[in-house]
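The file input09.json contains JSON, C-alpha atoms:
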[["chain", "number", "residue", "atom", "x", "y", "z"],
["W", 1, "MET", "CA", 86.30, 103.41, 79.36],
["W", 2, "PHE", "CA", 89.00, 106.05, 80.07],
["W", 3, "ARG", "CA", 90.56, 103.78, 82.67],
["W", 4, "ARG", "CA", 90.66, 100.88, 80.23],
["W", 5, "VAL", "CA", 92.30, 103.01, 77.51],
["W", 6, "ALA", "CA", 94.80, 104.45, 79.99],
["W", 7, "HIS", "CA", 95.67, 100.97, 81.19],
["W", 8, "ALA", "CA", 96.11, 99.73, 77.62],
["W", 9, "LEU", "CA", 98.34, 102.69, 76.74],
["W", 10, "ALA", "CA", 100.37, 102.16, 79.90],
["W", 11, "SER", "CA", 100.88, 98.47, 79.14],
["W", 12, "SER", "CA", 102.41, 99.35, 75.73],
["W", 13, "SER", "CA", 103.79, 102.72, 76.77],
["W", 14, "VAL", "CA", 107.01, 102.65, 74.72],
["W", 15, "GLU", "CA", 105.18, 101.77, 71.54],
["W", 16, "ALA", "CA", 102.52, 104.40, 72.30],
["W", 17, "PHE", "CA", 105.27, 106.98, 72.89],
["W", 18, "LEU", "CA", 106.91, 106.14, 69.55],
["W", 19, "ALA", "CA", 103.52, 106.39, 67.83],
["W", 20, "VAL", "CA", 102.93, 109.85, 69.36],
["W", 21, "LEU", "CA", 106.46, 110.83, 68.32],
["W", 22, "CYS", "CA", 105.71, 109.81, 64.73],
["W", 23, "ILE", "CA", 102.45, 111.79, 64.74],
["W", 24, "LEU", "CA", 104.29, 114.81, 66.14],
["W", 25, "ALA", "CA", 106.91, 114.44, 63.39],
["W", 26, "GLY", "CA", 104.41, 113.84, 60.59],
["W", 27, "VAL", "CA", 101.73, 116.50, 61.18],
["W", 28, "PRO", "CA", 104.03, 119.60, 60.99],
["W", 29, "ILE", "CA", 105.63, 118.27, 57.79],
["W", 30, "LEU", "CA", 102.16, 117.85, 56.27],
["W", 31, "LEU", "CA", 101.37, 121.45, 57.20],
["W", 32, "GLN", "CA", 104.67, 122.97, 55.99],
["W", 33, "PRO", "CA", 106.66, 120.39, 54.05],
["W", 34, "ASP", "CA", 109.12, 122.83, 52.45],
["W", 35, "SER", "CA", 110.39, 124.28, 55.74],
["W", 36, "LEU", "CA", 109.83, 121.49, 58.26],
["W", 37, "ALA", "CA", 110.66, 118.32, 56.28],
["W", 38, "PRO", "CA", 114.12, 116.88, 56.90],
["W", 39, "GLY", "CA", 116.69, 118.03, 54.33],
["W", 40, "SER", "CA", 117.69, 114.46, 53.57],
["W", 41, "LEU", "CA", 114.14, 113.63, 52.50],
["W", 42, "LEU", "CA", 113.78, 116.79, 50.42],
["W", 43, "ALA", "CA", 117.07, 115.98, 48.75],
["W", 44, "THR", "CA", 116.26, 112.35, 48.02],
["W", 45, "LEU", "CA", 112.54, 112.22, 47.37],
["W", 46, "PRO", "CA", 110.30, 114.11, 44.95],
["W", 47, "PHE", "CA", 108.24, 116.77, 46.70],
["W", 48, "TYR", "CA", 104.93, 114.84, 46.54],
["W", 49, "MET", "CA", 106.63, 111.81, 48.12],
["W", 50, "VAL", "CA", 107.46, 113.92, 51.17],
["W", 51, "TYR", "CA", 103.71, 114.43, 51.61],
["W", 52, "VAL", "CA", 103.16, 110.71, 51.21],
["W", 53, "TRP", "CA", 105.91, 109.95, 53.73],
["W", 54, "ALA", "CA", 104.58, 112.40, 56.33],
["W", 55, "GLY", "CA", 101.00, 111.32, 55.78],
["W", 56, "THR", "CA", 101.88, 107.63, 56.10],
["W", 57, "LEU", "CA", 103.95, 108.35, 59.21],
["W", 58, "THR", "CA", 100.99, 110.16, 60.80],
["W", 59, "LEU", "CA", 98.56, 107.43, 59.74],
["W", 60, "GLY", "CA", 100.87, 104.73, 61.09],
["W", 61, "GLY", "CA", 101.13, 106.54, 64.42],
["W", 62, "LEU", "CA", 97.36, 106.99, 64.62],
["W", 63, "LEU", "CA", 96.65, 103.34, 63.75],
["W", 64, "THR", "CA", 99.19, 102.17, 66.31],
["W", 65, "LEU", "CA", 97.65, 104.36, 69.02],
["W", 66, "ILE", "CA", 94.12, 103.24, 68.14],
["W", 67, "GLY", "CA", 95.22, 99.60, 68.11],
["W", 68, "ILE", "CA", 96.87, 99.94, 71.51],
["W", 69, "ALA", "CA", 93.95, 101.85, 73.04],
["W", 70, "TRP", "CA", 91.32, 99.43, 71.73],
["W", 71, "ARG", "CA", 93.54, 96.38, 72.27],
["W", 72, "VAL", "CA", 93.09, 95.34, 68.63],
["W", 73, "TYR", "CA", 96.34, 93.70, 67.61],
["W", 74, "ARG", "CA", 95.64, 93.77, 63.88],
["W", 75, "ILE", "CA", 95.13, 97.56, 63.76],
["W", 76, "GLU", "CA", 98.22, 98.07, 65.90],
["W", 77, "GLN", "CA", 100.09, 95.73, 63.55],
["W", 78, "ALA", "CA", 99.01, 97.73, 60.49],
["W", 79, "GLY", "CA", 100.20, 100.94, 62.15],
["W", 80, "VAL", "CA", 103.49, 99.35, 63.13],
["W", 81, "ALA", "CA", 103.99, 98.14, 59.52],
["W", 82, "LEU", "CA", 103.60, 101.71, 58.26],
["W", 83, "LEU", "CA", 105.96, 103.07, 60.93],
["W", 84, "CYS", "CA", 108.49, 100.37, 60.05],
["W", 85, "GLY", "CA", 108.35, 101.33, 56.37],
["W", 86, "MET", "CA", 108.54, 105.08, 56.96],
["W", 87, "ALA", "CA", 111.43, 104.78, 59.43],
["W", 88, "GLY", "CA", 113.18, 102.61, 56.84],
["W", 89, "VAL", "CA", 112.55, 105.25, 54.16],
["W", 90, "TYR", "CA", 114.03, 107.97, 56.35],
["W", 91, "SER", "CA", 116.99, 105.79, 57.16],
["W", 92, "LEU", "CA", 117.59, 105.12, 53.47],
["W", 93, "ALA", "CA", 117.23, 108.83, 52.71],
["W", 94, "LEU", "CA", 119.88, 109.61, 55.34],
["W", 95, "ILE", "CA", 122.15, 106.94, 53.88],
["W", 96, "GLY", "CA", 121.52, 108.43, 50.45],
["W", 97, "MET", "CA", 122.90, 111.76, 51.68],
["W", 98, "GLY", "CA", 126.24, 109.99, 51.96],
["W", 99, "SER", "CA", 127.69, 112.29, 54.62],
["W", 100, "SER", "CA", 129.32, 110.86, 57.74],
["W", 101, "GLY", "CA", 127.33, 113.22, 59.98],
["W", 102, "THR", "CA", 124.07, 111.47, 59.21],
["W", 103, "PHE", "CA", 125.41, 107.97, 59.94],
["W", 104, "VAL", "CA", 124.26, 107.82, 63.57],
["W", 105, "ALA", "CA", 120.82, 109.16, 62.66],
["W", 106, "ALA", "CA", 120.57, 106.67, 59.79],
["W", 107, "LEU", "CA", 121.57, 103.83, 62.12],
["W", 108, "THR", "CA", 119.04, 104.99, 64.74],
["W", 109, "TYR", "CA", 116.19, 105.03, 62.22],
["W", 110, "ALA", "CA", 117.33, 101.70, 60.73],
["W", 111, "LEU", "CA", 117.17, 100.18, 64.22],
["W", 112, "PHE", "CA", 113.79, 101.84, 64.78],
["W", 113, "SER", "CA", 112.59, 100.28, 61.54],
["W", 114, "LEU", "CA", 113.97, 96.86, 62.55],
["W", 115, "ALA", "CA", 112.34, 97.10, 65.98],
["W", 116, "MET", "CA", 109.01, 97.94, 64.36],
["W", 117, "GLY", "CA", 109.45, 95.02, 61.95],
["W", 118, "ALA", "CA", 110.09, 92.67, 64.86],
["W", 119, "ARG", "CA", 107.09, 94.09, 66.68],
["W", 120, "TYR", "CA", 105.02, 93.53, 63.53],
["W", 121, "LEU", "CA", 105.88, 89.80, 63.63],
["W", 122, "VAL", "CA", 105.19, 89.55, 67.37],
["W", 123, "LEU", "CA", 101.82, 91.27, 66.94],
["W", 124, "ASP", "CA", 100.99, 88.89, 64.10],
["W", 125, "LYS", "CA", 101.64, 85.93, 66.43],
["W", 126, "LEU", "CA", 99.57, 87.55, 69.19],
["W", 127, "ALA", "CA", 96.67, 88.26, 66.82],
["W", 128, "ARG", "CA", 96.74, 84.67, 65.55],
["W", 129, "ALA", "CA", 96.85, 83.33, 69.12],
["W", 130, "MET", "CA", 93.93, 85.55, 70.12],
["W", 131, "GLN", "CA", 91.93, 84.38, 67.11],
["W", 132, "LEU", "CA", 92.75, 80.74, 67.92],
["W", 133, "ALA", "CA", 91.71, 81.25, 71.55],
["W", 134, "ARG", "CA", 88.48, 82.78, 70.33],
["W", 135, "GLU", "CA", 87.82, 79.84, 68.00],
["W", 136, "ILE", "CA", 88.50, 77.35, 70.83],
["W", 137, "HIS", "CA", 86.23, 79.31, 73.17],
["W", 138, "HIS", "CA", 83.50, 79.34, 70.53],
["W", 139, "ASP", "CA", 83.87, 75.57, 69.88],
["W", 140, "ASP", "CA", 83.79, 75.00, 73.63],
["W", 141, "ASP", "CA", 80.51, 76.93, 73.87],
["W", 142, "GLU", "CA", 79.10, 75.05, 70.88],
["W", 143, "TRP", "CA", 79.78, 71.68, 72.50],
["W", 144, "GLY", "CA", 78.30, 72.79, 75.80],
["W", 145, "GLY", "CA", 81.61, 73.06, 77.61],
["W", 146, "GLY", "CA", 80.90, 76.61, 78.68],
["W", 147, "ASP", "CA", 79.35, 75.60, 81.99],
["W", 148, "SER", "CA", 82.25, 73.76, 83.54],
["W", 149, "THR", "CA", 81.16, 72.18, 86.77],
["X", 1, "MET", "CA", 116.87, 106.61, 39.68],
["X", 2, "THR", "CA", 119.45, 105.96, 42.36],
["X", 3, "LEU", "CA", 119.69, 102.82, 44.50],
["X", 4, "THR", "CA", 118.49, 104.78, 47.53],
["X", 5, "GLN", "CA", 115.36, 105.94, 45.72],
["X", 6, "LEU", "CA", 114.69, 102.38, 44.59],
["X", 7, "GLY", "CA", 115.07, 101.18, 48.19],
["X", 8, "ILE", "CA", 112.74, 103.92, 49.39],
["X", 9, "ILE", "CA", 110.09, 103.01, 46.84],
["X", 10, "LEU", "CA", 110.41, 99.33, 47.80],
["X", 11, "ALA", "CA", 110.14, 100.21, 51.50],
["X", 12, "VAL", "CA", 107.04, 102.34, 50.88],
["X", 13, "ILE", "CA", 105.37, 99.67, 48.73],
["X", 14, "SER", "CA", 106.19, 96.77, 51.06],
["X", 15, "SER", "CA", 105.08, 98.58, 54.22],
["X", 16, "THR", "CA", 101.87, 99.72, 52.52],
["X", 17, "ILE", "CA", 101.15, 96.17, 51.34],
["X", 18, "ALA", "CA", 101.91, 94.79, 54.81],
["X", 19, "ALA", "CA", 99.61, 97.34, 56.46],
["X", 20, "GLY", "CA", 96.88, 96.78, 53.88],
["X", 21, "THR", "CA", 97.09, 93.01, 54.26],
["X", 22, "THR", "CA", 96.95, 93.33, 58.03],
["X", 23, "LEU", "CA", 93.90, 95.59, 57.89],
["X", 24, "TYR", "CA", 92.26, 93.17, 55.44],
["X", 25, "ARG", "CA", 92.94, 90.31, 57.90],
["X", 26, "PHE", "CA", 91.50, 92.42, 60.72],
["X", 27, "PHE", "CA", 88.25, 93.06, 58.84],
["X", 28, "ARG", "CA", 88.02, 89.40, 57.74],
["X", 29, "GLU", "CA", 88.54, 88.14, 61.29],
["X", 30, "HIS", "CA", 86.17, 90.77, 62.65],
["X", 31, "LYS", "CA", 83.47, 89.67, 60.18],
["X", 32, "HIS", "CA", 84.11, 86.01, 60.96],
["X", 33, "ASN", "CA", 83.92, 86.64, 64.71],
["X", 34, "ARG", "CA", 80.71, 88.63, 64.33],
["X", 35, "LEU", "CA", 79.15, 85.82, 62.33],
["X", 36, "GLN", "CA", 80.24, 83.32, 64.98],
["X", 37, "ASP", "CA", 78.86, 85.51, 67.77],
["X", 38, "LYS", "CA", 75.61, 85.84, 65.85],
["X", 39, "SER", "CA", 75.31, 82.08, 65.36],
["X", 40, "SER", "CA", 76.13, 81.56, 69.06],
["X", 41, "ALA", "CA", 73.44, 84.06, 70.00],
["X", 42, "THR", "CA", 70.94, 82.33, 67.70],
["X", 43, "LYS", "CA", 71.90, 78.97, 69.18],
["X", 44, "ALA", "CA", 71.51, 80.31, 72.71],
["X", 45, "ASP", "CA", 68.11, 81.75, 71.79],
["X", 46, "ALA", "CA", 67.08, 78.41, 70.29],
["X", 47, "GLU", "CA", 68.23, 76.63, 73.45],
["X", 48, "LYS", "CA", 66.27, 79.08, 75.57],
["X", 49, "GLY", "CA", 63.22, 78.51, 73.36],
["X", 50, "GLN", "CA", 63.67, 74.75, 73.66],
["X", 51, "ILE", "CA", 63.89, 75.00, 77.45],
["X", 52, "PHE", "CA", 60.75, 77.17, 77.47],
["X", 53, "LEU", "CA", 58.91, 74.67, 75.26],
["X", 54, "GLN", "CA", 60.01, 71.78, 77.47],
["X", 55, "GLY", "CA", 58.79, 73.72, 80.52],
["X", 56, "ALA", "CA", 55.49, 74.50, 78.84],
["X", 57, "GLU", "CA", 55.11, 70.86, 77.79],
["X", 58, "SER", "CA", 55.76, 69.71, 81.36],
["X", 59, "ALA", "CA", 53.25, 72.26, 82.65],
["X", 60, "VAL", "CA", 50.63, 71.03, 80.17],
["X", 61, "LEU", "CA", 51.29, 67.42, 81.20],
["X", 62, "VAL", "CA", 50.94, 68.33, 84.87],
["X", 63, "MET", "CA", 47.70, 70.21, 84.15],
["X", 64, "GLU", "CA", 46.40, 67.26, 82.13],
["X", 65, "LYS", "CA", 47.16, 64.92, 85.03],
["X", 66, "ALA", "CA", 45.47, 67.28, 87.44],
["X", 67, "LEU", "CA", 42.42, 67.45, 85.17],
["X", 68, "ASN", "CA", 42.31, 63.65, 84.91],
["X", 69, "ILE", "CA", 42.45, 63.35, 88.68],
["X", 70, "ALA", "CA", 39.70, 65.96, 88.99],
["X", 71, "TYR", "CA", 37.55, 64.12, 86.43],
["X", 72, "ALA", "CA", 38.14, 60.82, 88.22],
["X", 73, "ASN", "CA", 37.19, 62.39, 91.56],
["X", 74, "ASN", "CA", 34.08, 63.93, 90.06],
["X", 75, "GLU", "CA", 33.07, 60.60, 88.54],
["X", 76, "ARG", "CA", 33.66, 58.79, 91.84],
["X", 77, "ILE", "CA", 31.57, 61.36, 93.72],
["X", 78, "GLN", "CA", 28.81, 61.03, 91.12],
["X", 79, "LEU", "CA", 28.87, 57.23, 91.41],
["X", 80, "GLU", "CA", 28.76, 57.45, 95.21],
["X", 81, "ARG", "CA", 25.79, 59.80, 94.97],
["X", 82, "ASP", "CA", 24.04, 57.45, 92.58],
["X", 83, "ALA", "CA", 24.72, 54.49, 94.87],
["X", 84, "GLU", "CA", 23.45, 56.46, 97.85],
["X", 85, "ARG", "CA", 20.36, 57.49, 95.95],
["X", 86, "SER", "CA", 19.60, 53.90, 94.94],
["X", 87, "ARG", "CA", 20.21, 52.75, 98.51],
["X", 88, "ASN", "CA", 17.83, 55.43, 99.75],
["X", 89, "GLU", "CA", 15.22, 54.31, 97.27],
["X", 90, "GLU", "CA", 15.70, 50.72, 98.37],
["X", 91, "LEU", "CA", 15.32, 51.72, 102.00],
["X", 92, "ARG", "CA", 12.26, 53.75, 101.18],
["X", 93, "ALA", "CA", 10.80, 50.73, 99.37],
["X", 94, "GLN", "CA", 11.57, 48.55, 102.38],
["X", 95, "VAL", "CA", 9.90, 51.09, 104.68],
["X", 96, "TYR", "CA", 6.88, 51.18, 102.41],
["X", 97, "THR", "CA", 6.72, 47.33, 102.32],
["X", 98, "GLN", "CA", 7.00, 47.18, 106.08],
["X", 99, "GLU", "CA", 4.28, 49.82, 106.45],
["X", 100, "VAL", "CA", 2.02, 47.74, 104.17],
["X", 101, "GLN", "CA", 2.81, 44.65, 106.24],
["X", 102, "ILE", "CA", 2.07, 46.54, 109.48],
["X", 103, "ARG", "CA", -1.27, 47.72, 108.04],
["X", 104, "GLU", "CA", -2.10, 44.16, 106.98],
["X", 105, "LEU", "CA", -1.20, 42.91, 110.43],
["X", 106, "GLN", "CA", -3.25, 45.65, 112.09],
["X", 107, "HIS", "CA", -6.12, 44.79, 109.84],
["X", 108, "ARG", "CA", -5.79, 41.13, 110.75],
["X", 109, "VAL", "CA", -5.57, 41.95, 114.46],
["X", 110, "ALA", "CA", -8.75, 44.02, 114.11],
["X", 111, "GLU", "CA", -10.50, 41.12, 112.39],
["X", 112, "LEU", "CA", -9.39, 38.66, 115.12],
["X", 113, "GLU", "CA", -10.55, 41.04, 117.87],
["X", 114, "ALA", "CA", -13.90, 41.42, 116.08],
["X", 115, "GLY", "CA", -14.23, 37.57, 115.81],
["X", 116, "ARG", "CA", -13.38, 37.13, 119.50],
["X", 117, "SER", "CA", -15.94, 39.70, 120.59],
["X", 118, "THR", "CA", -18.58, 38.07, 118.43],
["X", 119, "ALA", "CA", -17.71, 34.65, 119.92]]
I need this file expressed as structure tokens, please.
Amino acid sequence: MFRRVAHALASSSVEAFLAVLCILAGVPILLQPDSLAPGSLLATLPFYMVYVWAGTLTLGGLLTLIGIAWRVYRIEQAGVALLCGMAGVYSLALIGMGSSGTFVAALTYALFSLAMGARYLVLDKLARAMQLAREIHHDDDEWGGGDST
Amino acid sequence: MTLTQLGIILAVISSTIAAGTTLYRFFREHKHNRLQDKSSATKADAEKGQIFLQGAESAVLVMEKALNIAYANNERIQLERDAERSRNEELRAQVYTQEVQIRELQHRVAELEAGRSTA
């Protein structure tokens, strides 16, 4: 069990790392939003939305990690969708600040959001392919093709 | 509301919808797969049952054949015994007839010997 999870996490290590990073960013903000939330978010969003943002970021990270560990593409995809959205929100908040100092950070988070969006599409294709393979395997069993001689 | 806030709201809504849709698909596929697995399991059980029934049917047929052979053997043995018994009776009757004939002959011999001695 542990070996299987470790192998799954290792095979998608970058994504797992980003998911952990998002959890590590989200949880402290949930605990102390006024002092730990980024200034750009506090300036742009209403206070309750900062909670929503941090909570969704944490949830996205958790779903992504669970999806990777259990090798369930759909759960991973849901997590990635949330991470994509929340990275996009942060990027927009940084752009909303309008200062030149936040440009690189805004670009970084925009690229992060784009990467997660692309990953979302790839995972969708993988999940569909897996489902199709499952259907074919089931049909094969139904028609007695399981025992190939 | 500024353009940035509008963008943020749109990003939050779209990502939440995307995640929700994906999770809905996951549960739908999971349910579908479980149903398929269940039907496969039922089918496999039915196949196993069919194989068992076929085996049992073959066993019954074999036993029936064996019983028929045993009955036939028993009947043959009985017939042989009957035939032997009737043959024995026939032989016994022959022996008895021959014994009667021997007695008659002895009687006749005795009569002849008595006639000769008288003569």
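Interface residues of chain X facing chain W, defined by any atom at most 6 Å away and using all atoms listed in the file, are Thr4, Ile8, Ala11, Val12, Ser15, Ala19, Thr22 and Phe26 of chain X.
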Interatomic distance, atom CA of X:Leu91 to atom CA of X:Ala110 (Å, one decimal): 28.0 Å
Coordinates-based distance that separates atom CA of X:His32 from atom CA of W:Ala133 (Å, one decimal):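 Here the two named atoms are 13.9 Å from each other.
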Distance of atom CA of X:Thr16 from atom CA of W:Gly26, expressed in Å to one decimal place: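 It comes out at 16.5 Å.
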